[in-house]
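Q: The file below is model_26.txt, compact mmCIF, C-alpha atoms:
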```
# COMPACT_ATOMS: atom_id res chain seq x y z
CA MET L 1 213.12 186.01 90.01
CA ARG L 2 213.71 188.87 87.57
CA ASN L 3 215.29 191.92 89.06
CA LEU L 4 212.30 194.17 89.77
CA ILE L 5 213.77 196.56 92.32
CA GLU L 6 213.86 200.34 91.81
CA ILE L 7 216.55 202.30 93.62
CA ALA L 8 216.03 205.87 94.84
CA GLU L 9 218.71 208.32 93.82
CA GLN L 10 216.96 211.48 95.02
CA GLN L 11 214.07 211.89 97.47
CA GLU L 12 211.90 214.91 98.08
CA ILE L 13 208.73 215.75 100.00
CA VAL L 14 206.92 218.18 97.69
CA TYR L 15 203.89 218.76 99.93
CA LYS L 16 203.34 218.13 103.64
CA GLY L 17 199.72 217.94 104.71
CA LYS L 18 198.13 217.47 108.13
CA TYR L 19 199.01 213.77 108.17
CA LEU L 20 199.93 212.91 104.57
CA GLU L 21 203.22 213.64 102.82
CA TYR L 22 203.49 213.79 99.04
CA HIS L 23 206.83 212.27 97.99
CA LEU L 24 208.49 212.72 94.62
CA ASP L 25 211.53 210.47 94.18
CA HIS L 26 213.92 210.00 91.29
CA VAL L 27 214.67 206.30 90.81
CA ILE L 28 216.86 203.98 88.79
CA LEU L 29 214.78 201.27 87.10
CA PRO L 30 215.84 197.62 86.79
CA ASN L 31 217.00 198.31 83.18
CA GLY L 32 219.26 201.16 84.31
CA LYS L 33 217.03 203.95 82.99
CA THR L 34 215.75 206.65 85.32
CA SER L 35 212.20 207.70 86.17
CA THR L 36 210.20 209.39 88.92
CA ARG L 37 207.89 207.86 91.52
CA GLU L 38 205.20 209.77 93.38
CA TYR L 39 203.48 208.47 96.50
CA LEU L 40 201.70 209.49 99.66
CA HIS L 41 203.19 208.58 102.99
CA HIS L 42 200.42 207.60 105.41
CA PRO L 43 200.73 206.64 109.11
CA GLY L 44 198.75 203.40 108.69
CA ALA L 45 195.28 202.51 109.92
CA ILE L 46 193.05 199.95 111.56
CA GLY L 47 189.55 198.72 110.84
CA ALA L 48 187.57 196.53 113.24
CA VAL L 49 184.32 194.56 113.02
CA PRO L 50 182.55 195.07 116.37
CA LEU L 51 180.50 191.90 116.91
CA LEU L 52 178.06 192.10 119.84
CA ASP L 53 177.12 189.02 121.91
CA SER L 54 173.67 189.34 120.27
CA GLY L 55 175.25 188.67 116.84
CA ASP L 56 174.67 192.23 115.64
CA ILE L 57 177.53 194.16 114.06
CA ILE L 58 177.85 197.86 114.82
CA MET L 59 178.70 199.92 111.78
CA VAL L 60 179.08 203.64 111.23
CA LYS L 61 177.67 205.91 108.59
CA GLN L 62 179.75 208.97 107.83
CA PHE L 63 180.23 211.59 105.17
CA ARG L 64 183.54 210.91 103.46
CA TYR L 65 184.53 214.21 101.97
CA PRO L 66 186.74 212.82 99.14
CA THR L 67 183.85 210.69 97.87
CA GLN L 68 181.16 213.36 98.51
CA SER L 69 178.89 210.68 99.91
CA VAL L 70 177.74 209.05 103.14
CA ILE L 71 179.30 205.59 103.41
CA LEU L 72 178.48 202.60 105.62
CA GLU L 73 181.71 201.28 107.13
CA ILE L 74 183.17 199.31 109.97
CA PRO L 75 184.76 201.59 112.59
CA ALA L 76 188.27 202.58 111.55
CA GLY L 77 190.97 205.11 112.21
CA LYS L 78 194.54 206.21 111.69
CA LEU L 79 197.37 205.00 113.89
CA GLU L 80 198.85 207.64 116.17
CA GLU L 81 202.64 207.86 116.24
CA GLY L 82 204.10 204.72 117.80
CA GLU L 83 200.64 203.32 118.55
CA ASP L 84 200.14 199.57 118.57
CA PRO L 85 197.35 198.61 116.12
CA VAL L 86 195.48 196.60 118.79
CA GLU L 87 195.56 199.60 121.13
CA CYS L 88 194.27 201.72 118.23
CA VAL L 89 191.30 199.34 117.80
CA ARG L 90 190.44 199.73 121.49
CA ARG L 91 190.71 203.53 121.29
CA GLU L 92 188.72 203.89 118.07
CA LEU L 93 185.89 201.63 119.24
CA MET L 94 185.56 203.58 122.48
CA GLU L 95 185.64 206.93 120.66
CA GLU L 96 183.40 206.04 117.72
CA ILE L 97 180.84 203.57 119.06
CA GLY L 98 181.21 203.69 122.88
CA TYR L 99 182.18 200.04 123.36
CA GLU L 100 185.37 198.54 124.79
CA PRO L 101 186.36 195.16 123.29
CA GLN L 102 187.73 192.44 125.58
CA THR L 103 188.93 190.27 122.66
CA ILE L 104 190.57 191.49 119.46
CA VAL L 105 191.47 188.95 116.75
CA HIS L 106 193.62 189.79 113.72
CA LEU L 107 192.00 189.11 110.32
CA ALA L 108 194.50 190.53 107.81
CA SER L 109 196.95 193.36 107.15
CA VAL L 110 196.99 194.71 103.61
CA TRP L 111 198.33 197.57 101.53
CA THR L 112 195.21 199.56 100.62
CA THR L 113 196.44 200.79 97.24
CA PRO L 114 200.18 200.14 96.83
CA GLY L 115 200.48 201.99 93.51
CA PHE L 116 200.45 205.39 95.19
CA THR L 117 200.58 205.09 98.98
CA ASP L 118 202.36 203.14 101.71
CA GLU L 119 199.16 203.01 103.77
CA ILE L 120 198.72 199.64 105.44
CA ILE L 121 195.46 198.73 107.14
CA HIS L 122 195.22 196.13 109.89
CA LEU L 123 191.79 194.48 110.09
CA TYR L 124 190.39 192.89 113.24
CA LEU L 125 187.37 191.22 114.74
CA ALA L 126 186.43 192.78 118.10
CA THR L 127 184.21 190.80 120.48
CA GLU L 128 183.10 190.72 124.13
CA LEU L 129 182.14 194.36 123.82
CA ARG L 130 181.35 196.27 127.00
CA GLU L 131 179.52 199.56 126.77
CA ASN L 132 181.83 202.41 127.80
CA ARG L 133 180.81 205.87 126.66
CA ALA L 134 183.41 207.79 128.67
CA GLU L 135 185.75 208.32 125.72
CA MET L 136 183.12 208.94 123.05
CA ASP L 137 184.06 211.89 120.89
CA PRO L 138 181.09 214.30 120.69
CA ASP L 139 182.67 216.06 117.71
CA GLU L 140 182.65 213.00 115.42
CA PHE L 141 179.90 213.26 112.86
CA LEU L 142 178.81 209.66 112.79
CA GLU L 143 175.58 207.73 112.77
CA LEU L 144 175.75 204.32 114.45
CA VAL L 145 173.86 201.38 112.92
CA ALA L 146 173.49 197.95 114.57
CA LEU L 147 172.90 195.37 111.85
CA LYS L 148 171.64 191.82 112.14
CA LYS L 149 173.47 189.23 110.04
CA ALA L 150 170.60 188.81 107.57
CA ASP L 151 170.32 192.56 107.03
CA LEU L 152 174.06 192.99 106.56
CA LEU L 153 174.19 190.07 104.12
CA GLU L 154 171.39 191.67 102.13
CA LEU L 155 173.36 194.93 101.96
CA LEU L 156 176.49 193.04 100.89
CA ASN L 157 174.67 191.11 98.18
CA SER L 158 172.94 194.19 96.82
CA GLY L 159 176.26 196.02 96.31
CA ALA L 160 175.40 198.64 98.93
CA VAL L 161 178.69 198.12 100.80
CA VAL L 162 181.11 200.25 98.79
CA ASP L 163 183.99 200.62 101.22
CA GLY L 164 186.96 198.37 100.45
CA LYS L 165 188.08 197.56 104.01
CA THR L 166 184.49 196.85 105.10
CA LEU L 167 183.77 194.47 102.23
CA LEU L 168 187.11 192.72 102.80
CA ALA L 169 186.74 192.34 106.59
CA ILE L 170 183.18 190.98 106.39
CA SER L 171 184.15 188.63 103.52
CA LEU L 172 187.00 187.22 105.61
CA LEU L 173 184.65 186.62 108.56
CA GLN L 174 182.30 184.71 106.26
CA LEU L 175 185.08 182.67 104.59
CA ARG L 176 186.56 181.66 107.93
CA ASN L 177 183.14 180.73 109.32
CA ILE L 178 183.62 183.09 112.25
CA TRP L 179 180.33 184.85 111.73
CA MET M 1 169.45 210.28 109.44
CA ARG M 2 171.58 212.87 111.22
CA ASN M 3 172.93 215.63 109.06
CA LEU M 4 176.44 214.43 108.23
CA ILE M 5 177.19 216.50 105.13
CA GLU M 6 180.17 218.84 104.91
CA ILE M 7 179.94 221.76 102.48
CA ALA M 8 182.96 223.17 100.65
CA GLU M 9 183.37 226.93 100.93
CA GLN M 10 186.83 227.14 99.31
CA GLN M 11 188.65 224.61 97.12
CA GLU M 12 192.29 224.52 96.13
CA ILE M 13 194.69 222.13 94.41
CA VAL M 14 197.91 222.54 96.37
CA TYR M 15 199.98 220.04 94.37
CA LYS M 16 199.45 218.53 90.94
CA GLY M 17 201.39 215.32 90.27
CA LYS M 18 201.64 213.14 87.18
CA TYR M 19 198.17 211.71 87.76
CA LEU M 20 197.29 212.63 91.35
CA GLU M 21 196.05 216.00 92.61
CA TYR M 22 196.38 217.02 96.24
CA HIS M 23 193.26 218.98 97.23
CA LEU M 24 192.94 221.20 100.28
CA ASP M 25 189.38 222.40 100.85
CA HIS M 26 187.85 224.58 103.52
CA VAL M 27 184.51 223.14 104.64
CA ILE M 28 181.54 223.91 106.84
CA LEU M 29 180.83 221.02 109.23
CA PRO M 30 177.32 219.80 110.14
CA ASN M 31 177.52 221.82 113.40
CA GLY M 32 178.31 225.05 111.52
CA LYS M 33 181.98 225.15 112.51
CA THR M 34 184.67 225.25 109.83
CA SER M 35 187.56 222.89 109.14
CA THR M 36 189.84 221.75 106.32
CA ARG M 37 189.75 218.53 104.31
CA GLU M 38 192.71 217.13 102.36
CA TYR M 39 192.40 214.42 99.74
CA LEU M 40 193.97 212.99 96.62
CA HIS M 41 192.02 213.01 93.41
CA HIS M 42 192.69 209.78 91.52
CA PRO M 43 191.38 208.77 88.05
CA GLY M 44 190.05 205.39 89.29
CA ALA M 45 191.31 201.90 88.60
CA ILE M 46 190.45 198.33 87.71
CA GLY M 47 191.67 194.98 88.98
CA ALA M 48 190.89 191.68 87.26
CA VAL M 49 191.31 188.01 88.17
CA PRO M 50 192.45 186.24 84.97
CA LEU M 51 191.13 182.68 85.26
CA LEU M 52 192.46 180.30 82.60
CA ASP M 53 190.41 177.39 81.27
CA SER M 54 192.89 175.12 83.13
CA GLY M 55 191.75 176.66 86.44
CA ASP M 56 195.03 178.50 86.99
CA ILE M 57 194.99 182.18 87.90
CA ILE M 58 197.65 184.44 86.40
CA MET M 59 199.07 186.89 88.88
CA VAL M 60 201.84 189.46 88.67
CA LYS M 61 204.76 190.17 90.94
CA GLN M 62 206.00 193.73 90.89
CA PHE M 63 208.05 196.13 92.92
CA ARG M 64 205.69 198.69 94.42
CA TYR M 65 207.85 201.68 95.14
CA PRO M 66 205.69 203.17 97.95
CA THR M 67 205.87 199.89 99.90
CA GLN M 68 209.53 199.19 99.01
CA SER M 69 208.64 195.55 98.38
CA VAL M 70 207.74 193.08 95.66
CA ILE M 71 204.03 192.26 95.91
CA LEU M 72 201.94 189.46 94.41
CA GLU M 73 198.79 190.96 92.87
CA ILE M 74 196.06 190.43 90.36
CA PRO M 75 196.65 192.50 87.19
CA ALA M 76 195.42 196.07 87.68
CA GLY M 77 195.75 199.54 86.28
CA LYS M 78 194.51 203.09 86.23
CA LEU M 79 191.64 204.23 84.03
CA GLU M 80 192.61 206.48 81.17
CA GLU M 81 190.50 209.59 80.68
CA GLY M 82 186.99 208.63 79.59
CA GLU M 83 187.89 204.93 79.47
CA ASP M 84 185.21 202.36 80.24
CA PRO M 85 186.36 200.08 83.10
CA VAL M 86 185.63 196.92 81.06
CA GLU M 87 187.76 198.25 78.20
CA CYS M 88 190.48 199.04 80.73
CA VAL M 89 190.41 195.38 81.91
CA ARG M 90 190.89 194.20 78.31
CA ARG M 91 193.76 196.66 77.74
CA GLU M 92 195.56 195.91 80.99
CA LEU M 93 195.35 192.14 80.58
CA MET M 94 196.79 192.36 77.06
CA GLU M 95 199.57 194.73 78.19
CA GLU M 96 200.49 193.00 81.45
CA ILE M 97 199.95 189.28 80.88
CA GLY M 98 199.46 188.90 77.09
CA TYR M 99 195.93 187.48 77.22
CA GLU M 100 192.69 188.87 75.81
CA PRO M 101 189.56 187.98 77.82
CA GLN M 102 186.35 187.05 76.00
CA THR M 103 184.20 187.30 79.15
CA ILE M 104 184.48 189.93 81.88
CA VAL M 105 182.21 189.70 84.94
CA HIS M 106 181.86 192.48 87.51
CA LEU M 107 182.63 191.46 91.12
CA ALA M 108 182.50 194.75 93.06
CA SER M 109 183.33 198.45 92.91
CA VAL M 110 184.72 199.96 96.10
CA TRP M 111 186.39 203.07 97.44
CA THR M 112 189.92 201.92 98.26
CA THR M 113 190.46 204.25 101.19
CA PRO M 114 187.76 206.92 101.36
CA GLY M 115 189.37 208.87 104.21
CA PHE M 116 191.90 210.50 101.92
CA THR M 117 191.22 209.70 98.26
CA ASP M 118 188.35 209.46 95.80
CA GLU M 119 189.98 206.44 94.13
CA ILE M 120 187.40 203.82 93.18
CA ILE M 121 188.49 200.38 92.02
CA HIS M 122 186.30 198.16 89.87
CA LEU M 123 187.02 194.44 90.33
CA TYR M 124 186.29 191.81 87.70
CA LEU M 125 186.66 188.16 86.85
CA ALA M 126 188.13 187.65 83.36
CA THR M 127 187.68 184.29 81.63
CA GLU M 128 187.93 182.65 78.19
CA LEU M 129 191.43 184.07 77.87
CA ARG M 130 193.11 183.93 74.48
CA GLU M 131 196.82 184.42 74.25
CA ASN M 132 197.60 187.70 72.46
CA ARG M 133 201.05 189.10 73.00
CA ALA M 134 200.83 191.89 70.41
CA GLU M 135 200.11 194.61 72.96
CA MET M 136 202.46 193.42 75.70
CA ASP M 137 204.45 196.27 77.15
CA PRO M 138 208.16 195.32 77.17
CA ASP M 139 208.91 198.19 79.57
CA GLU M 140 206.72 196.88 82.39
CA PHE M 141 208.84 195.34 85.12
CA LEU M 142 206.61 192.42 86.00
CA GLU M 143 207.05 188.75 86.72
CA LEU M 144 204.07 186.58 85.72
CA VAL M 145 203.01 183.70 87.97
CA ALA M 146 200.37 181.09 87.06
CA LEU M 147 198.94 179.65 90.27
CA LYS M 148 196.88 176.54 90.78
CA LYS M 149 193.94 176.89 93.16
CA ALA M 150 195.58 174.85 95.95
CA ASP M 151 198.77 176.91 95.77
CA LEU M 152 196.90 180.22 95.78
CA LEU M 153 194.74 179.09 98.71
CA GLU M 154 197.89 178.19 100.62
CA LEU M 155 199.30 181.66 99.95
CA LEU M 156 196.02 183.25 101.06
CA ASN M 157 195.85 181.23 104.26
CA SER M 158 199.48 181.90 105.15
CA GLY M 159 198.96 185.68 104.98
CA ALA M 160 201.30 186.02 101.98
CA VAL M 161 198.72 187.97 99.96
CA VAL M 162 199.15 191.51 101.28
CA ASP M 163 197.46 193.54 98.55
CA GLY M 164 193.97 194.74 99.44
CA LYS M 165 192.30 194.47 96.02
CA THR M 166 193.80 191.00 95.45
CA LEU M 167 192.63 189.60 98.77
CA LEU M 168 189.17 191.13 98.22
CA ALA M 169 188.74 189.88 94.64
CA ILE M 170 189.81 186.32 95.45
CA SER M 171 187.66 186.27 98.60
CA LEU M 172 184.62 187.31 96.56
CA LEU M 173 185.29 184.52 94.03
CA GLN M 174 185.41 182.00 96.87
CA LEU M 175 182.29 183.35 98.63
CA ARG M 176 180.26 183.30 95.42
CA ASN M 177 181.45 179.77 94.58
CA ILE M 178 182.74 180.94 91.21
CA TRP M 179 186.20 179.48 91.69
```
Is it possible to express this structure as structure tokens?

A:
Amino acid sequence: MRNLIEIAEQQEIVYKGKYLEYHLDHVILPNGKTSTREYLHHPGAIGAVPLLDSGDIIMVKQFRYPTQSVILEIPAGKLEEGEDPVECVRRELMEEIGYEPQTIVHLASVWTTPGFTDEIIHLYLATELRENRAEMDPDEFLELVALKKADLLELLNSGAVVDGKTLLAISLLQLRNIW
Amino acid sequence: MRNLIEIAEQQEIVYKGKYLEYHLDHVILPNGKTSTREYLHHPGAIGAVPLLDSGDIIMVKQFRYPTQSVILEIPAGKLEEGEDPVECVRRELMEEIGYEPQTIVHLASVWTTPGFTDEIIHLYLATELRENRAEMDPDEFLELVALKKADLLELLNSGAVVDGKTLLAISLLQLRNIW
């Protein structure tokens, strides 16, 4: 393999947000020249497909401020410090949709956009869902939507699913004949 | 539908990087309370699966500084100002792999991670590739890999493909029986 590695010679956090950090590093390139690299440090995230015994999938509609639009997505959330991703799935499903999953199966873990962030998202299928509204967060601005397979497939085929993690997770379920 | 919209009442760019802008906005929530929203403005990107007449797919290995690892990906790149995504596919494939596509088919356009950036990535299949090394960028630190279908499927199934856009684009090719 060619030498592709870039070595940091100076590292700086130029802006610290609520949960993101903007890093600006000076690096030595494989050819010995120097350059800068900018990236966002992110705590990592989970996304989970909540599949009811009925076959319906529960999705959420929410306004995503950066996109200035309401997007249909699988439930998702950021990892808290030191939190196990499976525990995060359980917490987010209880908070966002009011269901506690008994079974959580890993689908994939991917870098969301490795050119400018270290965010990794862990995707899961969550089944054997038991209603449990005790932890639901009344301050989340979400609309819940239970979708039958045919209706969700129609949305997928029409291009109406525009969230990367959602399209990936549902595609993996289809490819693996889980759903 | 519930009212989910958040309205900006003050907008600020708190850090301007080489191509990313860190925005910090003050917003009015659907319940009338106020909060802040932070996000990265990104120019948008493309990713393309270059499928040779032989059936091989050309991928690139590169060191992605934010992840501190070498990742196997489909060729991709950021949109230049005012650039048409299809033109960007043509440019990136010539620069990164030295092939000019005669046919470019749209697969999907998705928000990569809508919680904290407005980055949208347009994914394509590129075929009828003609070798054209005139525009290849000698300063890109890339290793090219031509993969046969069976070898790529093995990588996919083993979890070795850890880049979100790559896993999504290849999954869509499989689901649509294009590949």

Q: Hey, which bits of chain M sit within 6 Å of chain L, and for each residue what's the closest pair of atoms and how far apart in Å (one decimal), counting all atoms listed in the file, rows by chain and increasing number, as a Markdown table?

A:
```
| residue | atom | partner | partner_atom | distance |
| --- | --- | --- | --- | --- |
| M:Leu4 | CA | L:Phe63 | CA | 5.6 |
| M:Ile5 | CA | L:Phe63 | CA | 5.8 |
| M:Tyr39 | CA | L:Pro66 | CA | 5.9 |
| M:Phe63 | CA | L:Leu4 | CA | 5.6 |
| M:Pro66 | CA | L:Asp118 | CA | 5.0 |
| M:Thr67 | CA | L:Asp118 | CA | 5.1 |
| M:Val110 | CA | L:Val162 | CA | 4.5 |
| M:Trp111 | CA | L:Asp163 | CA | 5.1 |
| M:Thr112 | CA | L:Gly164 | CA | 5.1 |
| M:Thr117 | CA | L:Pro66 | CA | 5.5 |
| M:Asp118 | CA | L:Pro66 | CA | 5.0 |
| M:Phe141 | CA | L:Leu4 | CA | 5.9 |
| M:Val162 | CA | L:Val110 | CA | 4.5 |
| M:Asp163 | CA | L:Trp111 | CA | 5.1 |
| M:Gly164 | CA | L:Thr112 | CA | 5.1 |
| M:Leu168 | CA | L:Leu168 | CA | 5.3 |
```

Q: Figure out the distance between atom CA of M:Val49 and atom CA of M:Glu95, please, to one decimal in Å.

A: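 About the pair atom CA of M:Glu95 and atom CA of M:Val49: they are 14.6 Å apart.
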
Q: Just need chain M moved onto chain L: least-squares over all Cα atoms matched in order, then output as a short mmCIF file (atom, residue, chain, number, x, y, z; two decimals) with C-alpha atoms, in the frame of the given file.

A:
```cif
data_model
loop_
_atom_site.label_atom_id
_atom_site.label_comp_id
_atom_site.auth_asym_id
_atom_site.auth_seq_id
_atom_site.Cartn_x
_atom_site.Cartn_y
_atom_site.Cartn_z
CA MET M 1 213.09 186.00 90.08
CA ARG M 2 213.68 188.85 87.63
CA ASN M 3 215.27 191.93 89.08
CA LEU M 4 212.28 194.18 89.78
CA ILE M 5 213.77 196.57 92.33
CA GLU M 6 213.85 200.33 91.80
CA ILE M 7 216.54 202.31 93.63
CA ALA M 8 216.01 205.87 94.85
CA GLU M 9 218.72 208.32 93.81
CA GLN M 10 216.96 211.49 95.01
CA GLN M 11 214.07 211.89 97.46
CA GLU M 12 211.90 214.92 98.09
CA ILE M 13 208.73 215.77 100.00
CA VAL M 14 206.92 218.18 97.69
CA TYR M 15 203.89 218.76 99.92
CA LYS M 16 203.34 218.13 103.62
CA GLY M 17 199.70 217.94 104.70
CA LYS M 18 198.12 217.48 108.12
CA TYR M 19 199.02 213.79 108.17
CA LEU M 20 199.93 212.93 104.57
CA GLU M 21 203.23 213.65 102.81
CA TYR M 22 203.48 213.80 99.03
CA HIS M 23 206.82 212.27 97.99
CA LEU M 24 208.48 212.71 94.62
CA ASP M 25 211.52 210.47 94.18
CA HIS M 26 213.91 210.00 91.30
CA VAL M 27 214.67 206.31 90.81
CA ILE M 28 216.86 203.97 88.80
CA LEU M 29 214.76 201.28 87.10
CA PRO M 30 215.82 197.61 86.79
CA ASN M 31 216.99 198.31 83.19
CA GLY M 32 219.25 201.17 84.33
CA LYS M 33 217.02 203.94 82.98
CA THR M 34 215.74 206.65 85.32
CA SER M 35 212.20 207.71 86.17
CA THR M 36 210.20 209.40 88.92
CA ARG M 37 207.89 207.85 91.51
CA GLU M 38 205.19 209.77 93.40
CA TYR M 39 203.48 208.46 96.51
CA LEU M 40 201.71 209.48 99.68
CA HIS M 41 203.21 208.57 103.00
CA HIS M 42 200.43 207.60 105.40
CA PRO M 43 200.75 206.65 109.11
CA GLY M 44 198.76 203.40 108.69
CA ALA M 45 195.30 202.51 109.91
CA ILE M 46 193.07 199.94 111.56
CA GLY M 47 189.56 198.72 110.85
CA ALA M 48 187.58 196.53 113.24
CA VAL M 49 184.33 194.56 113.02
CA PRO M 50 182.56 195.06 116.37
CA LEU M 51 180.50 191.90 116.91
CA LEU M 52 178.07 192.09 119.84
CA ASP M 53 177.13 189.04 121.90
CA SER M 54 173.66 189.33 120.28
CA GLY M 55 175.24 188.68 116.86
CA ASP M 56 174.67 192.23 115.65
CA ILE M 57 177.52 194.15 114.05
CA ILE M 58 177.86 197.86 114.82
CA MET M 59 178.70 199.92 111.79
CA VAL M 60 179.09 203.64 111.22
CA LYS M 61 177.68 205.93 108.59
CA GLN M 62 179.75 208.98 107.82
CA PHE M 63 180.22 211.60 105.18
CA ARG M 64 183.53 210.92 103.45
CA TYR M 65 184.53 214.22 101.96
CA PRO M 66 186.74 212.83 99.14
CA THR M 67 183.84 210.69 97.85
CA GLN M 68 181.17 213.36 98.50
CA SER M 69 178.88 210.67 99.90
CA VAL M 70 177.73 209.06 103.12
CA ILE M 71 179.29 205.59 103.40
CA LEU M 72 178.48 202.61 105.61
CA GLU M 73 181.71 201.28 107.13
CA ILE M 74 183.18 199.30 109.95
CA PRO M 75 184.77 201.58 112.59
CA ALA M 76 188.29 202.57 111.54
CA GLY M 77 190.98 205.11 112.20
CA LYS M 78 194.54 206.20 111.68
CA LEU M 79 197.39 205.01 113.89
CA GLU M 80 198.86 207.63 116.15
CA GLU M 81 202.65 207.86 116.24
CA GLY M 82 204.10 204.73 117.83
CA GLU M 83 200.64 203.33 118.57
CA ASP M 84 200.15 199.57 118.58
CA PRO M 85 197.37 198.60 116.12
CA VAL M 86 195.50 196.59 118.79
CA GLU M 87 195.55 199.60 121.12
CA CYS M 88 194.29 201.73 118.23
CA VAL M 89 191.32 199.32 117.79
CA ARG M 90 190.45 199.72 121.49
CA ARG M 91 190.72 203.53 121.29
CA GLU M 92 188.73 203.89 118.09
CA LEU M 93 185.91 201.62 119.24
CA MET M 94 185.56 203.57 122.49
CA GLU M 95 185.65 206.93 120.66
CA GLU M 96 183.41 206.02 117.72
CA ILE M 97 180.84 203.55 119.05
CA GLY M 98 181.20 203.68 122.87
CA TYR M 99 182.19 200.03 123.36
CA GLU M 100 185.38 198.55 124.78
CA PRO M 101 186.37 195.16 123.30
CA GLN M 102 187.74 192.43 125.57
CA THR M 103 188.93 190.26 122.66
CA ILE M 104 190.58 191.48 119.45
CA VAL M 105 191.47 188.95 116.73
CA HIS M 106 193.63 189.79 113.72
CA LEU M 107 192.01 189.11 110.32
CA ALA M 108 194.51 190.53 107.80
CA SER M 109 196.95 193.36 107.15
CA VAL M 110 197.00 194.72 103.61
CA TRP M 111 198.33 197.58 101.54
CA THR M 112 195.22 199.55 100.61
CA THR M 113 196.45 200.76 97.25
CA PRO M 114 200.18 200.13 96.83
CA GLY M 115 200.48 201.98 93.51
CA PHE M 116 200.47 205.37 95.19
CA THR M 117 200.60 205.08 98.98
CA ASP M 118 202.37 203.15 101.71
CA GLU M 119 199.16 203.01 103.77
CA ILE M 120 198.73 199.64 105.45
CA ILE M 121 195.46 198.74 107.14
CA HIS M 122 195.23 196.13 109.88
CA LEU M 123 191.80 194.46 110.09
CA TYR M 124 190.41 192.87 113.23
CA LEU M 125 187.38 191.22 114.73
CA ALA M 126 186.43 192.76 118.10
CA THR M 127 184.21 190.80 120.48
CA GLU M 128 183.09 190.71 124.13
CA LEU M 129 182.14 194.37 123.83
CA ARG M 130 181.34 196.28 127.00
CA GLU M 131 179.52 199.55 126.77
CA ASN M 132 181.82 202.41 127.80
CA ARG M 133 180.80 205.85 126.67
CA ALA M 134 183.39 207.79 128.68
CA GLU M 135 185.73 208.30 125.73
CA MET M 136 183.11 208.94 123.06
CA ASP M 137 184.03 211.88 120.90
CA PRO M 138 181.04 214.27 120.70
CA ASP M 139 182.63 216.06 117.73
CA GLU M 140 182.64 213.02 115.44
CA PHE M 141 179.88 213.28 112.87
CA LEU M 142 178.82 209.65 112.79
CA GLU M 143 175.58 207.74 112.76
CA LEU M 144 175.75 204.31 114.44
CA VAL M 145 173.89 201.37 112.91
CA ALA M 146 173.50 197.95 114.56
CA LEU M 147 172.91 195.36 111.84
CA LYS M 148 171.64 191.83 112.15
CA LYS M 149 173.46 189.24 110.04
CA ALA M 150 170.58 188.82 107.55
CA ASP M 151 170.31 192.57 107.02
CA LEU M 152 174.06 193.00 106.55
CA LEU M 153 174.18 190.07 104.12
CA GLU M 154 171.38 191.68 102.12
CA LEU M 155 173.35 194.93 101.97
CA LEU M 156 176.48 193.04 100.90
CA ASN M 157 174.67 191.11 98.18
CA SER M 158 172.93 194.20 96.83
CA GLY M 159 176.25 196.01 96.31
CA ALA M 160 175.40 198.64 98.95
CA VAL M 161 178.70 198.12 100.79
CA VAL M 162 181.12 200.25 98.78
CA ASP M 163 184.01 200.62 101.22
CA GLY M 164 186.97 198.38 100.46
CA LYS M 165 188.10 197.56 104.01
CA THR M 166 184.50 196.85 105.09
CA LEU M 167 183.77 194.47 102.23
CA LEU M 168 187.12 192.72 102.81
CA ALA M 169 186.74 192.35 106.59
CA ILE M 170 183.19 190.98 106.39
CA SER M 171 184.14 188.64 103.53
CA LEU M 172 187.00 187.23 105.62
CA LEU M 173 184.63 186.63 108.56
CA GLN M 174 182.28 184.72 106.26
CA LEU M 175 185.06 182.69 104.59
CA ARG M 176 186.56 181.67 107.93
CA ASN M 177 183.12 180.74 109.32
CA ILE M 178 183.60 183.09 112.26
CA TRP M 179 180.31 184.89 111.73
#
```

Q: Mind giving me the straight-line distance from atom CA of L:Asn132 to atom CA of L:Met94 in Å, one decimal?

A: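 Separation of atom CA of L:Asn132 and atom CA of L:Met94: 6.6 Å.
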
Q: Give the answer as one residue: which of L:Met59, L:Leu72, L:Ala48, L:Ala134 has the shortest atom-to-atom distance to L:Pro101, using all atoms listed in the file?

A: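 Once distances to L:Pro101 are computed over all atoms listed in the file, the minimum belongs to L:Ala48.
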
Q: Rank L:Thr127, L:Gln10, L:Ser35, L:Gln102 by their smallest atom-to-atom distance to L:Ile178, using all atoms listed in the file, and report the top residue only.

A: L:Thr127

Q: Set up a box along x, y and z of the file covering all listed atoms of stretch 150-167 of chain M, add 3 Å on every one of the six sides, and write the centre and edge lengths in Å to one decimal, as JSON.

A:
```
{"center_x": 196.8, "center_y": 184.8, "center_z": 100.3, "size_x": 15.0, "size_y": 25.9, "size_z": 15.7}
```

Q: Which distance in Å separates atom CA of L:Glu128 and atom CA of L:Leu93, to one decimal?

A: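 Separation between atom CA of L:Glu128 and atom CA of L:Leu93: 12.3 Å.
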
Q: For stretch 80-87 of chain L, list every protein, DNA or RNA residue within 10 Å, evaluated using all atoms listed in the file, and leave out those in the same chain fewer than 3 positions away; present the list as a ChimeraX atom specification.

A: /L:43-48,77,90-92,103-106,121-124,126
